[in-house]
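Have a look at the structure below, then the notes.
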Amino acid sequence: MSLETTDTTTEAQKSVLLTDGAATKVKALLDQEGRDDLRLRIAVQPGGCSGLRYSLFFDERSIDGDEVTAFGGVEVVVDRMSVPYLSGATIDFVDTIERQGFTIDNPNAGSSCACGDSFS
């Protein structure tokens with residue numbers, strides 16, 4: 001059983017990376033919710049002005065084929081269909097005078113819209 005967990009963690013780390021800053025922000029948001037059963041789910045869905053859009057939300061569900069890994073005490077879940085689109089992507093949290101929020105640096109995106117919320 002330990003071997004299966006190691007394999008899942010290795011695969012999830014290949015699909016997406018959560019920076020320390022993003023992990024800290026997610027943990028703070030989860031602490032505000034007061035629930036320890038939620039994880040950050042990152043998915044790719046059809047839509048947006050470039051064809052695909054990112055979706056980040058807290059989720060308590062476990063879906064067959066999910067890849068789960070922990071970053072700084074935060075569990076991150078990527079569904080099996082989103083893994084190819086998110087492979088190598090880095091999720092960060094930016095807090096500047098110009099912008100506040102999560103950013104996604106995705107090497108798989110051929111192009112993206114001006115707002116950065118969708119890609120193709």
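Residue names in the structure tokens use chain letters A, B, ... in the order shown, residue numbers from 1 in each chain, and ligand numbers from 1 in the order shown.
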
Could you pull out the residues in range 11-84 of chain A that DSSP calls strand (DSSP E or B) from the backbone, as a list of chain:residue names?
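Of range 11-84 of chain A, only A:Val16, A:Leu17, A:Leu18, A:Arg39, A:Leu40, A:Arg41, A:Ile42, A:Ala43, A:Val44, A:Gln45, A:Pro46, A:Leu52, A:Arg53, A:Tyr54, A:Ser55, A:Leu56, A:Phe57, A:Phe58, A:Asp59, A:Glu67, A:Val68, A:Thr69, A:Ala70, A:Phe71, A:Val74, A:Glu75, A:Val76, A:Val77, A:Val78 fall in strand (DSSP E or B).
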
Expected file contents, prior selection, N, CA and C atoms, as a PDB file, in the first residue's frame:
ATOM      1  N   VAL A  16       1.423  18.847 -11.630  1.00  0.00           N
ATOM      2  CA  VAL A  16       1.224  20.228 -11.182  1.00  0.00           C
ATOM      3  C   VAL A  16       2.088  20.492  -9.957  1.00  0.00           C
ATOM      4  N   LEU A  17       2.509  21.743  -9.800  1.00  0.00           N
ATOM      5  CA  LEU A  17       3.300  22.149  -8.652  1.00  0.00           C
ATOM      6  C   LEU A  17       2.629  23.343  -7.992  1.00  0.00           C
ATOM      7  N   LEU A  18       2.490  23.290  -6.687  1.00  0.00           N
ATOM      8  CA  LEU A  18       1.937  24.392  -5.906  1.00  0.00           C
ATOM      9  C   LEU A  18       3.105  25.047  -5.174  1.00  0.00           C
ATOM     10  N   ARG A  39      -9.939  19.656   0.013  1.00  0.00           N
ATOM     11  CA  ARG A  39      -8.673  19.696  -0.706  1.00  0.00           C
ATOM     12  C   ARG A  39      -8.822  20.655  -1.871  1.00  0.00           C
ATOM     13  N   LEU A  40      -7.719  21.165  -2.378  1.00  0.00           N
ATOM     14  CA  LEU A  40      -7.750  22.042  -3.536  1.00  0.00           C
ATOM     15  C   LEU A  40      -7.791  21.189  -4.790  1.00  0.00           C
ATOM     16  N   ARG A  41      -8.867  21.339  -5.562  1.00  0.00           N
ATOM     17  CA  ARG A  41      -8.996  20.627  -6.826  1.00  0.00           C
ATOM     18  C   ARG A  41      -8.671  21.603  -7.954  1.00  0.00           C
ATOM     19  N   ILE A  42      -7.790  21.170  -8.849  1.00  0.00           N
ATOM     20  CA  ILE A  42      -7.406  21.955 -10.016  1.00  0.00           C
ATOM     21  C   ILE A  42      -7.828  21.160 -11.245  1.00  0.00           C
ATOM     22  N   ALA A  43      -8.612  21.804 -12.114  1.00  0.00           N
ATOM     23  CA  ALA A  43      -9.139  21.114 -13.284  1.00  0.00           C
ATOM     24  C   ALA A  43      -9.088  22.023 -14.504  1.00  0.00           C
ATOM     25  N   VAL A  44      -9.176  21.403 -15.646  1.00  0.00           N
ATOM     26  CA  VAL A  44      -9.288  22.110 -16.920  1.00  0.00           C
ATOM     27  C   VAL A  44     -10.655  21.764 -17.489  1.00  0.00           C
ATOM     28  N   GLN A  45     -11.396  22.803 -17.909  1.00  0.00           N
ATOM     29  CA  GLN A  45     -12.743  22.601 -18.440  1.00  0.00           C
ATOM     30  C   GLN A  45     -12.897  23.369 -19.745  1.00  0.00           C
ATOM     31  N   PRO A  46     -13.776  22.900 -20.620  1.00  0.00           N
ATOM     32  CA  PRO A  46     -14.039  23.659 -21.852  1.00  0.00           C
ATOM     33  C   PRO A  46     -14.646  25.019 -21.507  1.00  0.00           C
ATOM     34  N   LEU A  52     -10.149  26.628 -23.424  1.00  0.00           N
ATOM     35  CA  LEU A  52     -10.123  25.883 -22.172  1.00  0.00           C
ATOM     36  C   LEU A  52      -9.921  26.870 -21.033  1.00  0.00           C
ATOM     37  N   ARG A  53     -10.493  26.545 -19.885  1.00  0.00           N
ATOM     38  CA  ARG A  53     -10.302  27.433 -18.738  1.00  0.00           C
ATOM     39  C   ARG A  53      -9.923  26.611 -17.518  1.00  0.00           C
ATOM     40  N   TYR A  54      -9.220  27.269 -16.623  1.00  0.00           N
ATOM     41  CA  TYR A  54      -8.811  26.639 -15.373  1.00  0.00           C
ATOM     42  C   TYR A  54      -9.927  26.760 -14.348  1.00  0.00           C
ATOM     43  N   SER A  55     -10.006  25.762 -13.490  1.00  0.00           N
ATOM     44  CA  SER A  55     -10.960  25.786 -12.398  1.00  0.00           C
ATOM     45  C   SER A  55     -10.231  25.348 -11.129  1.00  0.00           C
ATOM     46  N   LEU A  56     -10.218  26.208 -10.126  1.00  0.00           N
ATOM     47  CA  LEU A  56      -9.631  25.908  -8.822  1.00  0.00           C
ATOM     48  C   LEU A  56     -10.730  26.055  -7.785  1.00  0.00           C
ATOM     49  N   PHE A  57     -10.948  25.020  -7.001  1.00  0.00           N
ATOM     50  CA  PHE A  57     -11.983  25.081  -5.974  1.00  0.00           C
ATOM     51  C   PHE A  57     -11.705  24.049  -4.897  1.00  0.00           C
ATOM     52  N   PHE A  58     -12.315  24.250  -3.740  1.00  0.00           N
ATOM     53  CA  PHE A  58     -12.194  23.298  -2.645  1.00  0.00           C
ATOM     54  C   PHE A  58     -13.204  22.180  -2.857  1.00  0.00           C
ATOM     55  N   ASP A  59     -12.749  20.956  -2.610  1.00  0.00           N
ATOM     56  CA  ASP A  59     -13.587  19.797  -2.880  1.00  0.00           C
ATOM     57  C   ASP A  59     -13.356  18.742  -1.804  1.00  0.00           C
ATOM     58  N   GLU A  67      -5.401  12.229  -9.012  1.00  0.00           N
ATOM     59  CA  GLU A  67      -4.022  12.237  -8.537  1.00  0.00           C
ATOM     60  C   GLU A  67      -3.948  13.235  -7.400  1.00  0.00           C
ATOM     61  N   VAL A  68      -3.455  12.790  -6.254  1.00  0.00           N
ATOM     62  CA  VAL A  68      -3.431  13.610  -5.047  1.00  0.00           C
ATOM     63  C   VAL A  68      -1.999  13.716  -4.553  1.00  0.00           C
ATOM     64  N   THR A  69      -1.600  14.925  -4.179  1.00  0.00           N
ATOM     65  CA  THR A  69      -0.299  15.125  -3.550  1.00  0.00           C
ATOM     66  C   THR A  69      -0.414  16.240  -2.528  1.00  0.00           C
ATOM     67  N   ALA A  70       0.555  16.308  -1.634  1.00  0.00           N
ATOM     68  CA  ALA A  70       0.534  17.328  -0.583  1.00  0.00           C
ATOM     69  C   ALA A  70       1.657  18.325  -0.809  1.00  0.00           C
ATOM     70  N   PHE A  71       1.325  19.587  -0.606  1.00  0.00           N
ATOM     71  CA  PHE A  71       2.284  20.679  -0.674  1.00  0.00           C
ATOM     72  C   PHE A  71       2.077  21.540   0.563  1.00  0.00           C
ATOM     73  N   VAL A  74      -1.142  21.010   2.389  1.00  0.00           N
ATOM     74  CA  VAL A  74      -2.358  21.160   1.581  1.00  0.00           C
ATOM     75  C   VAL A  74      -2.398  20.026   0.564  1.00  0.00           C
ATOM     76  N   GLU A  75      -3.525  19.330   0.499  1.00  0.00           N
ATOM     77  CA  GLU A  75      -3.677  18.295  -0.519  1.00  0.00           C
ATOM     78  C   GLU A  75      -4.221  18.914  -1.802  1.00  0.00           C
ATOM     79  N   VAL A  76      -3.572  18.583  -2.919  1.00  0.00           N
ATOM     80  CA  VAL A  76      -3.978  19.070  -4.230  1.00  0.00           C
ATOM     81  C   VAL A  76      -4.441  17.876  -5.052  1.00  0.00           C
ATOM     82  N   VAL A  77      -5.606  18.035  -5.682  1.00  0.00           N
ATOM     83  CA  VAL A  77      -6.217  16.961  -6.456  1.00  0.00           C
ATOM     84  C   VAL A  77      -6.324  17.404  -7.913  1.00  0.00           C
ATOM     85  N   VAL A  78      -5.910  16.513  -8.824  1.00  0.00           N
ATOM     86  CA  VAL A  78      -6.060  16.753 -10.263  1.00  0.00           C
ATOM     87  C   VAL A  78      -6.763  15.532 -10.842  1.00  0.00           C
TER      88      VAL A  78
END

Between CA of Gly88 in chain A and CA of Gly101 in chain A, distance in Å (one decimal):
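Interatomic distance, CA of Gly88 in chain A to CA of Gly101 in chain A: 19.9 Å.
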
So the first atom is CA of Leu86 in chain A and the second is CA of Thr19 in chain A; what is the distance between them in Å, to one decimal place?
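Distance between the two atoms: 14.6 Å.
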
Rank A:Leu38, A:Phe102, A:Ser87, A:Ile97 by their smallest atom-to-atom distance to Thr24 in chain A, using only C-alpha atoms, and report the top residue only.
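Counting only C-alpha atoms, the residue closest to Thr24 in chain A is A:Phe102.
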
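CA of Asp31 in chain A sits 27.1 Å away from CA of Gly65 in chain A.
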
Going by DSSP on the backbone, which bits of range 20-84 of chain A are alpha helix (DSSP H)? Write them as a list in words, please.
Asp20, Gly21, Ala22, Ala23, Thr24, Lys25, Val26, Lys27, Ala28, Leu29, Leu30, Asp31, Gln32, Glu33, Val83 and Pro84 of chain A

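Considering only C-alpha atoms, the residue among A:Thr96, A:Asn108, A:Glu60, A:Val83 positioned nearest to Leu30 in chain A is A:Glu60.
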